[in-house]
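The structure appears below as structure tokens.
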2 protein chains.
Amino acid sequence: MPNAFISKISHRVALSPEDIAILKAACGPGRRYPAKHDLIREGDDPGPVFVFLEGWGCRYKIMPEGGRQVLAIMMPGDFCDMHTSVLNEMDHTIATVTPALVATIPRPRMQELLDLRPGITRAFWLMQLVDLGVARSWIASIGRRGSTERVAHLMCELYLRARALRPVEDGQCALPLSQILLADALGLTPVHVNRVLRRFKAAGIMALRQGDLVISDIAQLMRIAGFDDAYLQRRLASEESQMPTPAL
Amino acid sequence: MPNAFISKISHRVALSPEDIAILKAACGPGRRYPAKHDLIREGDDPGPVFVFLEGWGCRYKIMPEGGRQVLAIMMPGDFCDMHTSVLNEMDHTIATVTPALVATIPRPRMQELLDLRPGITRAFWLMQLVDLGVARSWIASIGRRGSTERVAHLMCELYLRARALRPVEDGQCALPLSQILLADALGLTPVHVNRVLRRFKAAGIMALRQGDLVISDIAQLMRIAGFDDAYLQRRLASEESQMPTPAL
DNA sequence: CGGGGTATTGACGGATGTCAACGATGGTGG
DNA sequence: CCACCATCGTTGACATCCGTCAATACCCCG
């Protein structure tokens with residue numbers, strides 16, 4: 001099976017065939033983990049770079065008061081944690097959400113790649129920039145949007161990301177996330193997420209059913225979300241159209 | 001005058017004297033801007049890299065519904081926007097908060113540095129990792145903390161950052177931010193920030209007076225904030241311990 | 001002085017959280 | 001193949017935190 005990670009990263013950044021081969025080799029076959037398995041925990045020493053080949057994952061933080069905040073959601077092809085030594089310990093946990101096939105690139109190996117392969121360094125750097133952009137958009141969403149808009153916005157984001165990965169029917173994509181996880185990502189309670197979702201369903205705008213997201217009226221959803229076409233759209237546009245080289 | 005940016009970045013990452021000289025030269029003398037001046041706006045093409053030599057700044061986003069969310073607060077020595085062309089346009093605005101002296105490194109020049117100087121690339125990359133860590137901690141704070149803890153946490157963060165820059169008396173530092181700006185950063189309303197601040201003052205824990213933050217009981221404040229010693233502490237520890245000369 | 005932005009306060013309303021119970025669903029082992 | 005259990009989804013009643021609105025006081029700068 002083609003490696004989701006490689007195909008994702010090589011569409012975003014021009015990588016030489018050699019770099020691609022090296023990266024692929026560094027990944028290895030990966031290893032299977034059950035759902036909800038912590039790959040590395042807050043407080044641990046930084047570990048290898050994790051690459052999600054199959055299955056979904058997330059980053060999260062447990063708050064002193066007991067709650068949990070999900071910081072990012074990862075799909076096949078996404079990778080984690082470039083914490084190459086700035087920090088002495090992890091400031092959040094990385095876990096699987098669904099059963100997953102995860103490859104790891106050991107830290108020393110990763111260090112070699114960064115030292116010897118400027119192309120790879122740049123690729124990782126750019127991917128990290130995208131993460132930063134998404135993180136900022138989450139701050140804005142959680143800080144300034146009401147629950148309805150907030151849910152709508154996250155659904156738009158996940159929909160576009162998931163579809164770029166594996167187009168199914170129109171307005172439909174895989175979304176194996178529980179309402180509890182969504183709540184933890186949105187800074188809401190599961191109960192409230194449920195109410196919002198329910199209203200969307202009643203309004204015939206979208207529904208979440210057994211691991212699938214079905215959007216009946218995406219225009220309406222994006223309008224409610226105040227979803228900026230320029231936000232993820234542009235990012236994904238370059239993936240979908242396979243722009244030869246967004247020259248650095 | 002020593003360049004706050006250079007002293008900050010070179011304390012974090014080992015940079016050769018040559019790299020340091022090059023970076024310094026690339027900055028130039030900088031230019032003065034009034035308070036609340038947008039340096040680059042959401043929607044603009046990505047511009048140069050901005051470096052705050054003096055004065056404070058912030059990143060922010062205006063929401064479709066009209067509100068504003070501050071995404072990051074910048075102090076002297078901080079720099080902005082490595083948006084080296086992943087994105088075709090800025091997804092947020094960068095502005096001064098106080099009157100400021102800001103240097104710019106033009107994009108083409110920046111590109112050269114990144115292509116030719118692995119040490120500099122690495123330095124910027126690591127600084128960006130720190131930004132990512134702070135952004136994630138903001139997500140957690142806004143998403144899962146009540147207003148009191150939230151205000152307390154931001155104050156702890158700003159206090160430690162500001163003190164690393166220019167230690168004054170114990171429990172005191174410069175903080176030239178209006179309650180309106182704080183509210184925009186915290187995802188609260190100015191009215192509510194005021195109430196929280198007022199309670200802290202009445203409790204004899206901390207007060208915000210004419211551009212200065214005065215903390216009377218930092219242990220208590222950190223306890224309320226659930227401030228993780230490992231969070232900024234560790235990051236700043238490496239700065240403080242290595243810092244032969246306070247910046248400026 | 002005068003004026004614009006900021007800080008402070010109170011009264012009120014509403015969005016979201018909390019608590020609690022029940023129903024649905026899927027996985028597992030007997 | 002069924003029964004059981006854990007997890008998740010759904011719903012209602014109620015509490016509260018925070019936002020909204022509005023008025024007044026403050027303070028720096030021209």
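Just so we're on the same page: first chain in the structure tokens is A, next is B, and so on; residues restart at 1 for each chain, and ligands are numbered from 1 in the order they show up.
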Least-squares Cα fit of chain B to chain A, output as a PDB file with C-alpha atoms, in the first residue's frame:
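Dumped to part28.pdb:
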```
ATOM      1  CA  MET B   1       1.379   0.839  -0.896  1.00  0.00           C
ATOM      2  CA  PRO B   2       2.279   4.483  -1.320  1.00  0.00           C
ATOM      3  CA  ASN B   3       3.218   6.173   1.890  1.00  0.00           C
ATOM      4  CA  ALA B   4       0.638   8.806   2.806  1.00  0.00           C
ATOM      5  CA  PHE B   5       3.237  10.783   4.678  1.00  0.00           C
ATOM      6  CA  ILE B   6       5.634  10.970   1.784  1.00  0.00           C
ATOM      7  CA  SER B   7       2.965  11.905  -0.679  1.00  0.00           C
ATOM      8  CA  LYS B   8       1.699  14.617   1.589  1.00  0.00           C
ATOM      9  CA  ILE B   9       5.022  16.157   2.432  1.00  0.00           C
ATOM     10  CA  SER B  10       6.411  15.984  -1.060  1.00  0.00           C
ATOM     11  CA  HIS B  11       3.408  17.784  -2.464  1.00  0.00           C
ATOM     12  CA  ARG B  12       3.884  20.639  -0.139  1.00  0.00           C
ATOM     13  CA  VAL B  13       7.566  21.165  -0.528  1.00  0.00           C
ATOM     14  CA  ALA B  14       9.844  20.474  -3.435  1.00  0.00           C
ATOM     15  CA  LEU B  15      11.947  17.537  -2.296  1.00  0.00           C
ATOM     16  CA  SER B  16      14.627  15.907  -4.391  1.00  0.00           C
ATOM     17  CA  PRO B  17      14.000  12.266  -5.315  1.00  0.00           C
ATOM     18  CA  GLU B  18      16.956  11.452  -3.140  1.00  0.00           C
ATOM     19  CA  ASP B  19      15.468  13.208  -0.121  1.00  0.00           C
ATOM     20  CA  ILE B  20      12.208  11.409  -0.721  1.00  0.00           C
ATOM     21  CA  ALA B  21      13.909   8.029  -0.839  1.00  0.00           C
ATOM     22  CA  ILE B  22      15.811   8.771   2.328  1.00  0.00           C
ATOM     23  CA  LEU B  23      12.711   9.870   4.171  1.00  0.00           C
ATOM     24  CA  LYS B  24      10.815   6.827   3.043  1.00  0.00           C
ATOM     25  CA  ALA B  25      13.582   4.551   4.209  1.00  0.00           C
ATOM     26  CA  ALA B  26      13.737   6.319   7.550  1.00  0.00           C
ATOM     27  CA  CYS B  27      10.074   5.590   8.131  1.00  0.00           C
ATOM     28  CA  GLY B  28      10.222   1.874   7.749  1.00  0.00           C
ATOM     29  CA  PRO B  29       7.078  -0.231   7.650  1.00  0.00           C
ATOM     30  CA  GLY B  30       5.502   1.093  10.810  1.00  0.00           C
ATOM     31  CA  ARG B  31       3.724  -0.742  13.557  1.00  0.00           C
ATOM     32  CA  ARG B  32       0.058  -1.304  14.401  1.00  0.00           C
ATOM     33  CA  TYR B  33      -1.565   0.112  17.517  1.00  0.00           C
ATOM     34  CA  PRO B  34      -5.076  -0.265  18.878  1.00  0.00           C
ATOM     35  CA  ALA B  35      -7.433   2.682  19.195  1.00  0.00           C
ATOM     36  CA  LYS B  36      -6.863   5.106  22.083  1.00  0.00           C
ATOM     37  CA  HIS B  37      -3.318   4.060  22.626  1.00  0.00           C
ATOM     38  CA  ASP B  38      -0.896   6.637  23.993  1.00  0.00           C
ATOM     39  CA  LEU B  39       2.217   6.706  21.832  1.00  0.00           C
ATOM     40  CA  ILE B  40       4.042   9.101  24.084  1.00  0.00           C
ATOM     41  CA  ARG B  41       2.868  10.838  27.220  1.00  0.00           C
ATOM     42  CA  GLU B  42       3.115  14.258  28.727  1.00  0.00           C
ATOM     43  CA  GLY B  43       6.200  14.235  30.913  1.00  0.00           C
ATOM     44  CA  ASP B  44       8.050  11.614  28.888  1.00  0.00           C
ATOM     45  CA  ASP B  45      11.367  12.402  27.322  1.00  0.00           C
ATOM     46  CA  PRO B  46      10.853  13.444  23.725  1.00  0.00           C
ATOM     47  CA  GLY B  47      10.739  10.321  21.610  1.00  0.00           C
ATOM     48  CA  PRO B  48      10.951   9.575  17.938  1.00  0.00           C
ATOM     49  CA  VAL B  49       9.003  11.401  15.267  1.00  0.00           C
ATOM     50  CA  PHE B  50       5.686   9.630  14.768  1.00  0.00           C
ATOM     51  CA  VAL B  51       4.153   9.324  11.345  1.00  0.00           C
ATOM     52  CA  PHE B  52       0.550   8.241  10.870  1.00  0.00           C
ATOM     53  CA  LEU B  53       0.501   5.956   7.851  1.00  0.00           C
ATOM     54  CA  GLU B  54      -3.040   4.719   8.467  1.00  0.00           C
ATOM     55  CA  GLY B  55      -5.637   5.642  11.037  1.00  0.00           C
ATOM     56  CA  TRP B  56      -6.253   8.811  13.013  1.00  0.00           C
ATOM     57  CA  GLY B  57      -4.605  10.257  16.085  1.00  0.00           C
ATOM     58  CA  CYS B  58      -4.564  13.324  18.268  1.00  0.00           C
ATOM     59  CA  ARG B  59      -2.505  15.397  20.619  1.00  0.00           C
ATOM     60  CA  TYR B  60      -4.008  16.187  23.983  1.00  0.00           C
ATOM     61  CA  LYS B  61      -3.311  17.585  27.401  1.00  0.00           C
ATOM     62  CA  ILE B  62      -4.883  16.526  30.685  1.00  0.00           C
ATOM     63  CA  MET B  63      -5.675  19.521  32.840  1.00  0.00           C
ATOM     64  CA  PRO B  64      -4.909  19.664  36.556  1.00  0.00           C
ATOM     65  CA  GLU B  65      -8.623  20.064  37.203  1.00  0.00           C
ATOM     66  CA  GLY B  66      -9.273  16.815  35.416  1.00  0.00           C
ATOM     67  CA  GLY B  67     -10.587  17.727  31.987  1.00  0.00           C
ATOM     68  CA  ARG B  68      -8.934  16.982  28.715  1.00  0.00           C
ATOM     69  CA  GLN B  69      -8.149  19.301  25.838  1.00  0.00           C
ATOM     70  CA  VAL B  70      -7.404  17.948  22.396  1.00  0.00           C
ATOM     71  CA  LEU B  71      -4.821  20.168  20.715  1.00  0.00           C
ATOM     72  CA  ALA B  72      -4.763  18.716  17.229  1.00  0.00           C
ATOM     73  CA  ILE B  73      -6.279  15.935  15.207  1.00  0.00           C
ATOM     74  CA  MET B  74      -4.057  13.877  12.973  1.00  0.00           C
ATOM     75  CA  MET B  75      -5.023  12.015   9.827  1.00  0.00           C
ATOM     76  CA  PRO B  76      -3.048   9.578   7.694  1.00  0.00           C
ATOM     77  CA  GLY B  77       0.005  11.346   6.324  1.00  0.00           C
ATOM     78  CA  ASP B  78       0.331  13.673   9.281  1.00  0.00           C
ATOM     79  CA  PHE B  79       3.326  13.495  11.535  1.00  0.00           C
ATOM     80  CA  CYS B  80       4.145  14.566  15.029  1.00  0.00           C
ATOM     81  CA  ASP B  81       6.550  16.126  17.202  1.00  0.00           C
ATOM     82  CA  MET B  82       9.518  17.850  16.035  1.00  0.00           C
ATOM     83  CA  HIS B  83      10.337  18.313  19.692  1.00  0.00           C
ATOM     84  CA  THR B  84      13.929  17.893  18.902  1.00  0.00           C
ATOM     85  CA  SER B  85      15.221  18.748  22.324  1.00  0.00           C
ATOM     86  CA  VAL B  86      14.180  22.309  22.847  1.00  0.00           C
ATOM     87  CA  LEU B  87      12.027  20.907  25.520  1.00  0.00           C
ATOM     88  CA  ASN B  88      13.320  18.386  27.958  1.00  0.00           C
ATOM     89  CA  GLU B  89      10.032  16.660  28.209  1.00  0.00           C
ATOM     90  CA  MET B  90       6.784  16.316  26.325  1.00  0.00           C
ATOM     91  CA  ASP B  91       4.221  18.924  27.224  1.00  0.00           C
ATOM     92  CA  HIS B  92       1.358  16.882  25.817  1.00  0.00           C
ATOM     93  CA  THR B  93       0.396  13.349  24.954  1.00  0.00           C
ATOM     94  CA  ILE B  94       0.152  11.856  21.486  1.00  0.00           C
ATOM     95  CA  ALA B  95      -2.306   9.018  21.007  1.00  0.00           C
ATOM     96  CA  THR B  96      -4.120   7.023  18.388  1.00  0.00           C
ATOM     97  CA  VAL B  97      -7.829   7.652  18.012  1.00  0.00           C
ATOM     98  CA  THR B  98      -8.655   4.723  15.756  1.00  0.00           C
ATOM     99  CA  PRO B  99      -6.555   1.611  15.274  1.00  0.00           C
ATOM    100  CA  ALA B 100      -3.543   2.904  13.397  1.00  0.00           C
ATOM    101  CA  LEU B 101      -0.385   2.057  11.540  1.00  0.00           C
ATOM    102  CA  VAL B 102       2.335   4.333  12.828  1.00  0.00           C
ATOM    103  CA  ALA B 103       5.910   4.677  11.658  1.00  0.00           C
ATOM    104  CA  THR B 104       8.619   6.177  13.821  1.00  0.00           C
ATOM    105  CA  ILE B 105      11.821   7.926  12.901  1.00  0.00           C
ATOM    106  CA  PRO B 106      14.223   7.545  15.814  1.00  0.00           C
ATOM    107  CA  ARG B 107      15.638  10.739  17.219  1.00  0.00           C
ATOM    108  CA  PRO B 108      19.265  10.147  16.298  1.00  0.00           C
ATOM    109  CA  ARG B 109      18.264   9.276  12.746  1.00  0.00           C
ATOM    110  CA  MET B 110      16.107  12.359  12.593  1.00  0.00           C
ATOM    111  CA  GLN B 111      19.012  14.419  13.815  1.00  0.00           C
ATOM    112  CA  GLU B 112      21.185  13.113  11.037  1.00  0.00           C
ATOM    113  CA  LEU B 113      18.607  14.008   8.449  1.00  0.00           C
ATOM    114  CA  LEU B 114      18.301  17.516   9.785  1.00  0.00           C
ATOM    115  CA  ASP B 115      22.057  17.983   9.861  1.00  0.00           C
ATOM    116  CA  LEU B 116      22.770  16.581   6.458  1.00  0.00           C
ATOM    117  CA  ARG B 117      19.720  17.372   4.393  1.00  0.00           C
ATOM    118  CA  PRO B 118      18.697  21.005   4.216  1.00  0.00           C
ATOM    119  CA  GLY B 119      15.818  20.064   1.946  1.00  0.00           C
ATOM    120  CA  ILE B 120      14.344  17.796   4.588  1.00  0.00           C
ATOM    121  CA  THR B 121      14.898  20.354   7.319  1.00  0.00           C
ATOM    122  CA  ARG B 122      13.045  22.875   5.255  1.00  0.00           C
ATOM    123  CA  ALA B 123      10.208  20.480   4.567  1.00  0.00           C
ATOM    124  CA  PHE B 124       9.690  19.732   8.244  1.00  0.00           C
ATOM    125  CA  TRP B 125       9.969  23.343   9.081  1.00  0.00           C
ATOM    126  CA  LEU B 126       7.271  24.310   6.637  1.00  0.00           C
ATOM    127  CA  MET B 127       4.974  21.556   7.826  1.00  0.00           C
ATOM    128  CA  GLN B 128       5.438  22.886  11.306  1.00  0.00           C
ATOM    129  CA  LEU B 129       4.398  26.319  10.134  1.00  0.00           C
ATOM    130  CA  VAL B 130       1.154  24.856   8.932  1.00  0.00           C
ATOM    131  CA  ASP B 131       0.613  23.285  12.346  1.00  0.00           C
ATOM    132  CA  LEU B 132       1.206  26.656  13.918  1.00  0.00           C
ATOM    133  CA  GLY B 133      -1.354  28.249  11.636  1.00  0.00           C
ATOM    134  CA  VAL B 134      -3.934  25.624  12.509  1.00  0.00           C
ATOM    135  CA  ALA B 135      -3.192  25.966  16.212  1.00  0.00           C
ATOM    136  CA  ARG B 136      -3.769  29.703  15.993  1.00  0.00           C
ATOM    137  CA  SER B 137      -7.021  29.222  14.221  1.00  0.00           C
ATOM    138  CA  TRP B 138      -8.098  26.891  17.034  1.00  0.00           C
ATOM    139  CA  ILE B 139      -7.273  29.547  19.594  1.00  0.00           C
ATOM    140  CA  ALA B 140      -9.447  32.014  17.726  1.00  0.00           C
ATOM    141  CA  SER B 141     -12.262  29.527  17.375  1.00  0.00           C
ATOM    142  CA  ILE B 142     -12.332  28.426  20.992  1.00  0.00           C
ATOM    143  CA  GLY B 143     -11.820  31.908  22.284  1.00  0.00           C
ATOM    144  CA  ARG B 144     -14.329  33.841  20.242  1.00  0.00           C
ATOM    145  CA  ARG B 145     -16.961  31.646  18.668  1.00  0.00           C
ATOM    146  CA  GLY B 146     -20.219  30.392  20.082  1.00  0.00           C
ATOM    147  CA  SER B 147     -20.767  26.655  20.210  1.00  0.00           C
ATOM    148  CA  THR B 148     -22.687  26.480  16.933  1.00  0.00           C
ATOM    149  CA  GLU B 149     -20.145  28.355  14.881  1.00  0.00           C
ATOM    150  CA  ARG B 150     -17.387  26.462  16.627  1.00  0.00           C
ATOM    151  CA  VAL B 151     -18.722  23.055  15.720  1.00  0.00           C
ATOM    152  CA  ALA B 152     -19.432  24.209  12.187  1.00  0.00           C
ATOM    153  CA  HIS B 153     -15.914  25.525  11.803  1.00  0.00           C
ATOM    154  CA  LEU B 154     -14.238  22.359  12.978  1.00  0.00           C
ATOM    155  CA  MET B 155     -16.402  20.307  10.669  1.00  0.00           C
ATOM    156  CA  CYS B 156     -15.405  22.468   7.733  1.00  0.00           C
ATOM    157  CA  GLU B 157     -11.759  22.070   8.591  1.00  0.00           C
ATOM    158  CA  LEU B 158     -11.934  18.323   9.030  1.00  0.00           C
ATOM    159  CA  TYR B 159     -14.051  17.927   5.930  1.00  0.00           C
ATOM    160  CA  LEU B 160     -11.562  19.710   3.715  1.00  0.00           C
ATOM    161  CA  ARG B 161      -8.613  17.874   5.192  1.00  0.00           C
ATOM    162  CA  ALA B 162     -10.265  14.478   4.999  1.00  0.00           C
ATOM    163  CA  ARG B 163     -11.468  14.987   1.454  1.00  0.00           C
ATOM    164  CA  ALA B 164      -8.020  15.969   0.245  1.00  0.00           C
ATOM    165  CA  LEU B 165      -6.981  12.594   1.528  1.00  0.00           C
ATOM    166  CA  ARG B 166      -9.622  10.368   0.114  1.00  0.00           C
ATOM    167  CA  PRO B 167     -12.501  11.851  -1.836  1.00  0.00           C
ATOM    168  CA  VAL B 168     -15.689   9.830  -1.548  1.00  0.00           C
ATOM    169  CA  GLU B 169     -18.997  11.272  -2.639  1.00  0.00           C
ATOM    170  CA  ASP B 170     -19.684  14.938  -2.661  1.00  0.00           C
ATOM    171  CA  GLY B 171     -20.334  16.329   0.760  1.00  0.00           C
ATOM    172  CA  GLN B 172     -19.134  13.172   2.419  1.00  0.00           C
ATOM    173  CA  CYS B 173     -15.972  11.998   4.090  1.00  0.00           C
ATOM    174  CA  ALA B 174     -14.711   9.615   6.744  1.00  0.00           C
ATOM    175  CA  LEU B 175     -14.787  11.056  10.252  1.00  0.00           C
ATOM    176  CA  PRO B 176     -14.139   8.393  12.864  1.00  0.00           C
ATOM    177  CA  LEU B 177     -14.376  10.708  15.856  1.00  0.00           C
ATOM    178  CA  SER B 178     -16.700  10.298  18.819  1.00  0.00           C
ATOM    179  CA  GLN B 179     -18.682  13.257  20.087  1.00  0.00           C
ATOM    180  CA  ILE B 180     -16.617  12.981  23.235  1.00  0.00           C
ATOM    181  CA  LEU B 181     -13.439  13.554  21.285  1.00  0.00           C
ATOM    182  CA  LEU B 182     -14.993  16.426  19.367  1.00  0.00           C
ATOM    183  CA  ALA B 183     -16.082  17.983  22.647  1.00  0.00           C
ATOM    184  CA  ASP B 184     -12.545  17.672  24.007  1.00  0.00           C
ATOM    185  CA  ALA B 185     -11.245  19.378  20.892  1.00  0.00           C
ATOM    186  CA  LEU B 186     -13.821  22.149  20.929  1.00  0.00           C
ATOM    187  CA  GLY B 187     -13.631  23.062  24.583  1.00  0.00           C
ATOM    188  CA  LEU B 188     -17.268  22.018  25.054  1.00  0.00           C
ATOM    189  CA  THR B 189     -19.031  19.184  26.834  1.00  0.00           C
ATOM    190  CA  PRO B 190     -20.158  16.064  24.990  1.00  0.00           C
ATOM    191  CA  VAL B 191     -23.739  16.852  25.931  1.00  0.00           C
ATOM    192  CA  HIS B 192     -23.596  20.227  24.307  1.00  0.00           C
ATOM    193  CA  VAL B 193     -21.838  18.979  21.191  1.00  0.00           C
ATOM    194  CA  ASN B 194     -24.620  16.488  20.843  1.00  0.00           C
ATOM    195  CA  ARG B 195     -27.248  19.191  21.003  1.00  0.00           C
ATOM    196  CA  VAL B 196     -25.502  21.300  18.386  1.00  0.00           C
ATOM    197  CA  LEU B 197     -25.029  18.328  16.096  1.00  0.00           C
ATOM    198  CA  ARG B 198     -28.642  17.445  16.542  1.00  0.00           C
ATOM    199  CA  ARG B 199     -29.741  20.898  15.461  1.00  0.00           C
ATOM    200  CA  PHE B 200     -27.568  20.723  12.364  1.00  0.00           C
ATOM    201  CA  LYS B 201     -29.148  17.418  11.488  1.00  0.00           C
ATOM    202  CA  ALA B 202     -32.659  18.728  12.015  1.00  0.00           C
ATOM    203  CA  ALA B 203     -31.823  21.734   9.861  1.00  0.00           C
ATOM    204  CA  GLY B 204     -30.689  19.428   7.079  1.00  0.00           C
ATOM    205  CA  ILE B 205     -27.226  20.911   7.026  1.00  0.00           C
ATOM    206  CA  MET B 206     -25.064  18.010   8.095  1.00  0.00           C
ATOM    207  CA  ALA B 207     -25.060  14.781  10.004  1.00  0.00           C
ATOM    208  CA  LEU B 208     -22.527  12.538  11.661  1.00  0.00           C
ATOM    209  CA  ARG B 209     -23.260   8.888  11.157  1.00  0.00           C
ATOM    210  CA  GLN B 210     -21.199   5.881  12.100  1.00  0.00           C
ATOM    211  CA  GLY B 211     -17.823   7.242  11.277  1.00  0.00           C
ATOM    212  CA  ASP B 212     -18.920   9.359   8.327  1.00  0.00           C
ATOM    213  CA  LEU B 213     -19.587  13.036   8.007  1.00  0.00           C
ATOM    214  CA  VAL B 214     -22.356  13.878   5.547  1.00  0.00           C
ATOM    215  CA  ILE B 215     -22.750  17.518   4.628  1.00  0.00           C
ATOM    216  CA  SER B 216     -25.919  18.374   2.740  1.00  0.00           C
ATOM    217  CA  ASP B 217     -25.450  22.102   2.547  1.00  0.00           C
ATOM    218  CA  ILE B 218     -21.829  23.064   2.688  1.00  0.00           C
ATOM    219  CA  ALA B 219     -22.388  26.663   1.635  1.00  0.00           C
ATOM    220  CA  GLN B 220     -24.677  27.142   4.589  1.00  0.00           C
ATOM    221  CA  LEU B 221     -22.265  25.365   6.917  1.00  0.00           C
ATOM    222  CA  MET B 222     -19.373  27.540   5.867  1.00  0.00           C
ATOM    223  CA  ARG B 223     -21.502  30.621   6.229  1.00  0.00           C
ATOM    224  CA  ILE B 224     -22.428  29.655   9.770  1.00  0.00           C
ATOM    225  CA  ALA B 225     -18.836  28.820  10.588  1.00  0.00           C
ATOM    226  CA  GLY B 226     -17.604  32.098   9.193  1.00  0.00           C
ATOM    227  CA  PHE B 227     -15.171  29.810   7.500  1.00  0.00           C
ATOM    228  CA  ASP B 228     -12.496  31.800   5.792  1.00  0.00           C
ATOM    229  CA  ASP B 229     -11.881  30.554   2.309  1.00  0.00           C
ATOM    230  CA  ALA B 230      -8.356  31.710   2.695  1.00  0.00           C
ATOM    231  CA  TYR B 231      -7.765  29.609   5.756  1.00  0.00           C
ATOM    232  CA  LEU B 232      -7.360  25.998   4.861  1.00  0.00           C
ATOM    233  CA  GLN B 233      -8.568  26.477   1.339  1.00  0.00           C
ATOM    234  CA  ARG B 234      -5.367  27.930   0.124  1.00  0.00           C
ATOM    235  CA  ARG B 235      -3.310  25.392   1.931  1.00  0.00           C
ATOM    236  CA  LEU B 236      -5.213  22.527   0.472  1.00  0.00           C
ATOM    237  CA  ALA B 237      -5.468  24.104  -2.918  1.00  0.00           C
ATOM    238  CA  SER B 238      -1.770  23.580  -3.375  1.00  0.00           C
ATOM    239  CA  GLU B 239      -2.142  19.984  -2.325  1.00  0.00           C
ATOM    240  CA  GLU B 240      -5.119  19.168  -4.448  1.00  0.00           C
ATOM    241  CA  SER B 241      -3.942  20.843  -7.576  1.00  0.00           C
ATOM    242  CA  GLN B 242      -0.571  19.178  -7.450  1.00  0.00           C
ATOM    243  CA  MET B 243      -1.826  15.835  -6.410  1.00  0.00           C
ATOM    244  CA  PRO B 244      -1.394  13.396  -9.276  1.00  0.00           C
ATOM    245  CA  THR B 245      -2.412  10.460  -7.121  1.00  0.00           C
ATOM    246  CA  PRO B 246      -4.662  10.510  -4.143  1.00  0.00           C
ATOM    247  CA  ALA B 247      -2.722   9.188  -1.208  1.00  0.00           C
ATOM    248  CA  LEU B 248      -3.164   5.509  -0.442  1.00  0.00           C
TER     249      LEU B 248
END
```
Please produce, as CSV, a per-residue contact table for chain C versus chain A (criterion: any atom at most 12 Å away, only C-alpha atoms (C1' of nucleotides) considered), showing the nearest atom pair and its distance in Å to one decimal, sorted by chain then residue number.
```
residue,atom,partner,partner_atom,distance
C:DA15,C1',A:Gly146,CA,8.5
C:DT16,C1',A:His192,CA,7.3
C:DG17,C1',A:Thr189,CA,7.2
C:DT18,C1',A:Val191,CA,9.8
C:DC19,C1',A:Val191,CA,11.2
C:DA24,C1',A:Gln210,CA,11.7
C:DT25,C1',A:Gln210,CA,9.6
C:DG26,C1',A:Gln210,CA,10.8
```
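Relative to atom C1' of C:DA20, atom C1' of D:DC8 is found at 16.0 Å.
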**Length of the atom C1' of D:DC28 to atom C1' of C:DA7 vector [Å]** =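 Taking atom C1' of D:DC28 and atom C1' of C:DA7, their separation equals 13.0 Å.
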Find the nearest atom pair between each residue of chain D and chain B for residues within 9 Å, count only C-alpha atoms (C1' of nucleotides), give distances in Å to one decimal, sort rows by chain and ascending number, and present the table as a tab-separated table.
```
residue	atom	partner	partner_atom	distance
D:DC17	C1'	B:Gly146	CA	8.6
D:DC18	C1'	B:His192	CA	7.2
D:DG19	C1'	B:Thr189	CA	7.2
```
Would you export the selected residues with N, CA and C atoms (P, O5', C5', C4', C3', O3' and C1' of nucleotides) as a PDB file, in the first residue's frame, please?
```
ATOM      1  P    DC D  17     -20.204  30.244  39.011  1.00  0.00           P
ATOM      2  O5'  DC D  17     -19.155  30.390  37.817  1.00  0.00           O
ATOM      3  C5'  DC D  17     -19.177  29.427  36.768  1.00  0.00           C
ATOM      4  C4'  DC D  17     -19.231  30.120  35.408  1.00  0.00           C
ATOM      5  C3'  DC D  17     -18.356  31.359  35.278  1.00  0.00           C
ATOM      6  O3'  DC D  17     -17.575  31.198  34.104  1.00  0.00           O
ATOM      7  C1'  DC D  17     -20.550  31.844  34.552  1.00  0.00           C
ATOM      8  P    DC D  18     -16.277  32.095  33.840  1.00  0.00           P
ATOM      9  O5'  DC D  18     -16.824  33.121  32.762  1.00  0.00           O
ATOM     10  C5'  DC D  18     -17.365  32.589  31.549  1.00  0.00           C
ATOM     11  C4'  DC D  18     -18.244  33.620  30.906  1.00  0.00           C
ATOM     12  C3'  DC D  18     -17.594  34.981  30.697  1.00  0.00           C
ATOM     13  O3'  DC D  18     -17.388  35.140  29.299  1.00  0.00           O
ATOM     14  C1'  DC D  18     -19.856  35.155  31.467  1.00  0.00           C
ATOM     15  P    DG D  19     -17.095  36.499  28.577  1.00  0.00           P
ATOM     16  O5'  DG D  19     -18.556  36.961  28.124  1.00  0.00           O
ATOM     17  C5'  DG D  19     -19.293  36.114  27.257  1.00  0.00           C
ATOM     18  C4'  DG D  19     -20.545  36.822  26.760  1.00  0.00           C
ATOM     19  C3'  DG D  19     -20.299  38.178  26.110  1.00  0.00           C
ATOM     20  O3'  DG D  19     -21.206  38.320  25.015  1.00  0.00           O
ATOM     21  C1'  DG D  19     -21.658  38.457  28.038  1.00  0.00           C
TER      22       DG D  19
END
```
Could you give me, as a ChimeraX atom specification, each residue of stretch 5-233 of chain A that DSSP assigns to strand (DSSP E or B) when run on this structure's backbone? /A:31-33,38-40,49-54,57-62,68-74,79-80,93-96,100-105,172-174,206-209,212-215
